[in-house]
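Encoded as C-alpha cells, the structure appears first; notes follow it.
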Amino acid sequence: MTMRSMLSILLLLIPTLITGYFYGDTKDVHTFENKSEFETKVLKSDSIWLVQFYDPTDSSAEDFAHEYIFIAELLKGIIPLAAFDITTPENEYAISDYNINGSKAITLKLFADDKSEPIDLKSVKDTGMIVSMIMETLQETINTRAGDNNAHAGKTKKKSSSSSSSGGGDGGSKKKMESRVEIITGANIAAKIYENPLVSAVAFIAPWCGHCKSLLPEWANASIKLHGAGAIL
C-alpha cells in the first residue's frame, strides 16, 4: 500500500474517529448511523429529545462534549440526549431540514411533542441554563397534555351523561378507563423497575381498600400525562 493510499484512508476515517472520541465511550448520548434511525428514535418517539448538531473538527465542539455528557448523565432516564455529526455525508440532510448554521460548531434543538418544529436553544451552552430550559419544556409539555386529556375527559363525560339519560333502564355501558399504568408482579419487577432507566412511581394497593380504589382514576390519568416524558407509573 502506497503512502498516498494510506493517507486517503486516514482522511476518510478522521470524522469517525473524532466522533468516537467524543461520544463513543458513553451510552448516555445517542448517535445515529443514518436518517432512518434518527426518524425512528427521535421523530417517531413520544419522548422529548435534546439533540446536538455539531462539527467534530471544531475545537469548541470537543470542549462542549464533556459538558454534554454530564448533562446526559443528569437527565438519564428522564430526557434522552443525542449527538448528530453534520459533517458526514449521510447526515448532511440535517443542515437544510433543521436550519443548521454550518458556520456554528454546535446547535442545540429540543424535539418536544411537535417534532416538526424543534425548539432552538440558540447559543446557550451553559449547563444550568440548558437543564433549566429542558425542564421548562417538560413542564409545558405535561401541562399541554393535561389540558388535552382534561378536554377529552370532559367531552367523554358529557357524552356519557347524555347517553345515560336517554339510554333506557340499563344506564348505558361502562367505558373502560384509559391507562398507561404498568402492573408490577414478582416476575417483572426487576425489568420494569430495577433495570429500567426511567423514573418510576409505584403505588402499593390492596384490592379491598376504598382509598386505593379512589386513587386508581387519578393514577391512570397521571400515567397518560407522563407517558413519553421519562417516567412510568
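Ordering of the C-alpha cells sets the chain letters (A, B, ...); residue numbers start at 1 within each chain; ligands are numbered from 1 in the order shown.
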*Do you know which residues are at most 10 Å from Pro80 (chain A) counting only C-alpha atoms, after dropping those on the same chain fewer than 3 positions away, and could you put them as a ChimeraX atom specification?*
/A:28-30,42,47-51,71-73,75-77,229-230
Only N, CA, C and O atoms, please: the residues just picked out, written as a short mmCIF file (atom, residue, chain, number, x, y, z; two decimals), in the first residue's frame.
data_model
loop_
_atom_site.label_atom_id
_atom_site.label_comp_id
_atom_site.auth_asym_id
_atom_site.auth_seq_id
_atom_site.Cartn_x
_atom_site.Cartn_y
_atom_site.Cartn_z
N ASP A 28 -24.92 7.20 27.36
CA ASP A 28 -25.91 8.20 27.76
C ASP A 28 -26.22 9.19 26.65
O ASP A 28 -27.21 9.91 26.73
N VAL A 29 -25.35 9.26 25.63
CA VAL A 29 -25.60 10.13 24.48
C VAL A 29 -25.79 9.25 23.25
O VAL A 29 -24.90 8.49 22.87
N HIS A 30 -26.96 9.34 22.64
CA HIS A 30 -27.27 8.52 21.47
C HIS A 30 -26.66 9.12 20.21
O HIS A 30 -26.59 10.34 20.06
N VAL A 42 -36.11 9.38 17.26
CA VAL A 42 -36.45 10.73 17.72
C VAL A 42 -37.81 11.18 17.21
O VAL A 42 -38.72 11.48 17.99
N SER A 47 -41.16 10.76 23.46
CA SER A 47 -40.30 11.44 24.42
C SER A 47 -39.82 12.79 23.88
O SER A 47 -39.79 13.02 22.68
N ILE A 48 -39.43 13.64 24.82
CA ILE A 48 -38.73 14.89 24.47
C ILE A 48 -37.26 14.53 24.29
O ILE A 48 -36.67 13.85 25.13
N TRP A 49 -36.66 15.00 23.20
CA TRP A 49 -35.25 14.73 22.92
C TRP A 49 -34.48 16.04 22.84
O TRP A 49 -34.95 17.01 22.25
N LEU A 50 -33.27 16.06 23.41
CA LEU A 50 -32.33 17.15 23.17
C LEU A 50 -31.29 16.61 22.19
O LEU A 50 -30.63 15.60 22.46
N VAL A 51 -31.16 17.29 21.05
CA VAL A 51 -30.23 16.84 20.01
C VAL A 51 -29.19 17.93 19.75
O VAL A 51 -29.53 19.09 19.54
N ILE A 71 -24.56 16.53 31.20
CA ILE A 71 -26.00 16.79 31.14
C ILE A 71 -26.76 15.50 30.89
O ILE A 71 -27.80 15.24 31.49
N ALA A 72 -26.23 14.67 30.00
CA ALA A 72 -26.87 13.38 29.69
C ALA A 72 -26.94 12.49 30.92
O ALA A 72 -27.93 11.78 31.14
N GLU A 73 -25.89 12.53 31.74
CA GLU A 73 -25.88 11.74 32.97
C GLU A 73 -26.90 12.27 33.96
O GLU A 73 -27.57 11.49 34.65
N LEU A 75 -29.72 13.79 33.26
CA LEU A 75 -31.08 13.58 32.77
C LEU A 75 -31.35 12.15 32.34
O LEU A 75 -32.38 11.86 31.74
N LYS A 76 -30.43 11.25 32.65
CA LYS A 76 -30.59 9.85 32.27
C LYS A 76 -31.90 9.28 32.81
O LYS A 76 -32.21 9.42 33.99
N GLY A 77 -32.66 8.66 31.93
CA GLY A 77 -33.95 8.10 32.33
C GLY A 77 -35.07 9.11 32.36
O GLY A 77 -36.22 8.75 32.62
N ALA A 229 -42.65 11.06 28.82
CA ALA A 229 -41.93 12.17 29.46
C ALA A 229 -40.82 11.66 30.37
O ALA A 229 -40.32 12.39 31.22
N GLY A 230 -40.45 10.39 30.23
CA GLY A 230 -39.34 9.86 31.01
C GLY A 230 -39.72 9.26 32.35
O GLY A 230 -38.88 9.08 33.20
#
Mind dumping a table of every region 78-102 of chain A residue within 10 Å of region 116-131 of chain A, with the nearest atom pair and its distance in Å to one decimal, using only C-alpha atoms, sorted by chain and rising number, as a tab-separated table?
residue	atom	partner	partner_atom	distance
A:Asp97	CA	A:Ser116	CA	9.7
A:Tyr98	CA	A:Pro118	CA	8.1
A:Asn99	CA	A:Asp120	CA	9.8
A:Ile100	CA	A:Asp120	CA	9.9
Output all heavy atoms of each residue in that selection to a file, as a compact mmCIF listing (two decimals), in the first residue's frame.
# COMPACT_ATOMS: atom_id res chain seq x y z
N ASP A 97 -32.78 20.48 6.59
CA ASP A 97 -34.04 20.07 7.23
C ASP A 97 -34.29 20.82 8.54
O ASP A 97 -35.43 21.11 8.89
CB ASP A 97 -34.03 18.57 7.50
CG ASP A 97 -34.26 17.75 6.25
OD1 ASP A 97 -34.28 18.35 5.15
OD2 ASP A 97 -34.40 16.51 6.34
N TYR A 98 -33.23 21.13 9.28
CA TYR A 98 -33.39 21.74 10.61
C TYR A 98 -32.70 23.10 10.71
O TYR A 98 -32.44 23.57 11.82
CB TYR A 98 -32.87 20.77 11.68
CG TYR A 98 -33.62 19.46 11.66
CD1 TYR A 98 -33.00 18.30 11.21
CD2 TYR A 98 -34.96 19.41 12.02
CE1 TYR A 98 -33.70 17.10 11.15
CE2 TYR A 98 -35.66 18.22 11.96
CZ TYR A 98 -35.03 17.07 11.52
OH TYR A 98 -35.72 15.88 11.45
N ASN A 99 -32.45 23.70 9.56
CA ASN A 99 -31.89 25.06 9.51
C ASN A 99 -30.63 25.20 10.36
O ASN A 99 -30.52 26.10 11.20
CB ASN A 99 -32.93 26.10 9.95
CG ASN A 99 -34.15 26.10 9.05
OD1 ASN A 99 -34.03 26.06 7.83
ND2 ASN A 99 -35.33 26.15 9.65
N ILE A 100 -29.70 24.29 10.16
CA ILE A 100 -28.45 24.31 10.91
C ILE A 100 -27.48 25.28 10.24
O ILE A 100 -27.22 25.20 9.03
CB ILE A 100 -27.81 22.90 10.98
CG1 ILE A 100 -28.81 21.89 11.53
CG2 ILE A 100 -26.55 22.94 11.82
CD1 ILE A 100 -29.31 22.20 12.92
_According to DSSP computed on the backbone, where in region 35-131 of chain A is there helix (DSSP H, G or I)? Give the residues as a count of residues only._
38
Hey, what's within 10 Å of region 180-186 of chain A if we count only C-alpha atoms and toss same-chain stuff fewer than 6 positions away? As a PDB file with C-alpha atoms, in the first residue's frame, please?
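Full text of out-v6.pdb as output:
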ATOM      1  CA  LYS A 192     -39.920  -2.875  34.932  1.00  0.00           C
ATOM      2  CA  ILE A 193     -38.410  -1.042  37.921  1.00  0.00           C
ATOM      3  CA  ALA A 201     -43.550   5.863  40.738  1.00  0.00           C
ATOM      4  CA  VAL A 202     -45.099   2.796  42.388  1.00  0.00           C
ATOM      5  CA  ALA A 203     -48.405   2.648  44.259  1.00  0.00           C
ATOM      6  CA  PHE A 204     -48.794  -0.342  46.589  1.00  0.00           C
ATOM      7  CA  LEU A 216     -56.947   4.452  40.580  1.00  0.00           C
ATOM      8  CA  TRP A 219     -53.227   7.305  38.865  1.00  0.00           C
ATOM      9  CA  ALA A 220     -54.435   6.299  35.406  1.00  0.00           C
ATOM     10  CA  ASN A 221     -54.832   9.949  34.365  1.00  0.00           C
ATOM     11  CA  ALA A 222     -51.313  10.755  35.636  1.00  0.00           C
ATOM     12  CA  SER A 223     -49.881   7.820  33.668  1.00  0.00           C
ATOM     13  CA  ILE A 224     -51.349   9.256  30.447  1.00  0.00           C
ATOM     14  CA  LYS A 225     -49.931  12.726  31.161  1.00  0.00           C
ATOM     15  CA  LEU A 226     -46.459  11.382  31.913  1.00  0.00           C
ATOM     16  CA  HIS A 227     -46.300   8.876  29.057  1.00  0.00           C
ATOM     17  CA  ILE A 232     -43.704   5.362  34.357  1.00  0.00           C
ATOM     18  CA  LEU A 233     -46.432   4.655  36.893  1.00  0.00           C
TER      19      LEU A 233
END
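You can rank A:Asp46, A:Glu33, A:Glu178, A:Asp58 by their closest distance to Asp114 (chain A) using only C-alpha atoms, and at the top of that list sits A:Asp46.
Between CA of Asp85 (chain A) and CA of Ala105 (chain A) the separation is 10.2 Å.
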*asked:* When DSSP is applied to the backbone of this structure, which of region 72-120 of chain A are assigned strand (DSSP E or B)? Write them out as number ranges by chain.
replied: A: 81-85, 106-111, 119-120
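Proximity of A:Ala94, A:Ala146, A:Ala82, A:Leu43 to Phe111 (chain A), computed with only C-alpha atoms, is greatest for A:Leu43.
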Tell me which protein, DNA and RNA residues are within 10 Å of Arg145 (chain A), counting only C-alpha atoms, leaving out same-chain ones fewer than 2 positions away, and put them as a PDB file with N, CA, C and O atoms, in the first residue's frame.
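New file around_30.pdb:
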ATOM      1  N   ASP A 113     -43.264  17.635  21.738  1.00  0.00           N
ATOM      2  CA  ASP A 113     -44.393  16.927  21.133  1.00  0.00           C
ATOM      3  C   ASP A 113     -44.496  17.187  19.631  1.00  0.00           C
ATOM      4  O   ASP A 113     -44.762  16.272  18.855  1.00  0.00           O
ATOM      5  N   GLN A 139     -42.233  20.695  31.591  1.00  0.00           N
ATOM      6  CA  GLN A 139     -43.416  21.157  32.323  1.00  0.00           C
ATOM      7  C   GLN A 139     -44.501  21.637  31.363  1.00  0.00           C
ATOM      8  O   GLN A 139     -45.686  21.324  31.540  1.00  0.00           O
ATOM      9  N   GLU A 140     -44.104  22.388  30.335  1.00  0.00           N
ATOM     10  CA  GLU A 140     -45.071  22.866  29.348  1.00  0.00           C
ATOM     11  C   GLU A 140     -45.723  21.701  28.610  1.00  0.00           C
ATOM     12  O   GLU A 140     -46.933  21.730  28.321  1.00  0.00           O
ATOM     13  N   THR A 141     -44.931  20.680  28.294  1.00  0.00           N
ATOM     14  CA  THR A 141     -45.464  19.500  27.600  1.00  0.00           C
ATOM     15  C   THR A 141     -46.491  18.775  28.455  1.00  0.00           C
ATOM     16  O   THR A 141     -47.557  18.388  27.976  1.00  0.00           O
ATOM     17  N   ILE A 142     -46.175  18.617  29.749  1.00  0.00           N
ATOM     18  CA  ILE A 142     -47.108  17.954  30.664  1.00  0.00           C
ATOM     19  C   ILE A 142     -48.390  18.768  30.800  1.00  0.00           C
ATOM     20  O   ILE A 142     -49.501  18.222  30.775  1.00  0.00           O
ATOM     21  N   ASN A 143     -48.251  20.096  30.914  1.00  0.00           N
ATOM     22  CA  ASN A 143     -49.430  20.962  31.033  1.00  0.00           C
ATOM     23  C   ASN A 143     -50.307  20.880  29.785  1.00  0.00           C
ATOM     24  O   ASN A 143     -51.542  20.834  29.883  1.00  0.00           O
ATOM     25  N   GLY A 147     -54.072  19.410  29.642  1.00  0.00           N
ATOM     26  CA  GLY A 147     -55.196  20.165  29.104  1.00  0.00           C
ATOM     27  C   GLY A 147     -55.938  19.400  28.042  1.00  0.00           C
ATOM     28  O   GLY A 147     -57.177  19.371  28.021  1.00  0.00           O
ATOM     29  N   ASP A 148     -55.191  18.738  27.153  1.00  0.00           N
ATOM     30  CA  ASP A 148     -55.813  17.945  26.093  1.00  0.00           C
ATOM     31  C   ASP A 148     -56.605  16.789  26.675  1.00  0.00           C
ATOM     32  O   ASP A 148     -57.733  16.495  26.237  1.00  0.00           O
ATOM     33  N   ASN A 149     -56.040  16.115  27.691  1.00  0.00           N
ATOM     34  CA  ASN A 149     -56.721  14.978  28.297  1.00  0.00           C
ATOM     35  C   ASN A 149     -57.944  15.405  29.089  1.00  0.00           C
ATOM     36  O   ASN A 149     -58.966  14.723  29.101  1.00  0.00           O
ATOM     37  N   ASN A 150     -57.835  16.557  29.773  1.00  0.00           N
ATOM     38  CA  ASN A 150     -58.986  17.057  30.536  1.00  0.00           C
ATOM     39  C   ASN A 150     -60.124  17.452  29.608  1.00  0.00           C
ATOM     40  O   ASN A 150     -61.293  17.218  29.900  1.00  0.00           O
ATOM     41  N   ALA A 151     -59.773  18.055  28.462  1.00  0.00           N
ATOM     42  CA  ALA A 151     -60.794  18.428  27.483  1.00  0.00           C
ATOM     43  C   ALA A 151     -61.468  17.185  26.920  1.00  0.00           C
ATOM     44  O   ALA A 151     -62.687  17.128  26.768  1.00  0.00           O
ATOM     45  N   ILE A 224     -51.159   8.750  31.816  1.00  0.00           N
ATOM     46  CA  ILE A 224     -51.349   9.256  30.447  1.00  0.00           C
ATOM     47  C   ILE A 224     -50.561  10.550  30.260  1.00  0.00           C
ATOM     48  O   ILE A 224     -49.883  10.757  29.247  1.00  0.00           O
ATOM     49  N   LYS A 225     -50.629  11.437  31.254  1.00  0.00           N
ATOM     50  CA  LYS A 225     -49.931  12.726  31.161  1.00  0.00           C
ATOM     51  C   LYS A 225     -48.416  12.547  31.088  1.00  0.00           C
ATOM     52  O   LYS A 225     -47.717  13.280  30.395  1.00  0.00           O
ATOM     53  N   LEU A 226     -47.892  11.559  31.824  1.00  0.00           N
ATOM     54  CA  LEU A 226     -46.459  11.382  31.913  1.00  0.00           C
ATOM     55  C   LEU A 226     -45.897  10.412  30.868  1.00  0.00           C
ATOM     56  O   LEU A 226     -44.683  10.242  30.769  1.00  0.00           O
ATOM     57  N   HIS A 227     -46.771   9.821  30.069  1.00  0.00           N
ATOM     58  CA  HIS A 227     -46.300   8.876  29.057  1.00  0.00           C
ATOM     59  C   HIS A 227     -45.390   9.591  28.063  1.00  0.00           C
ATOM     60  O   HIS A 227     -45.742  10.617  27.497  1.00  0.00           O
TER      61      HIS A 227
END
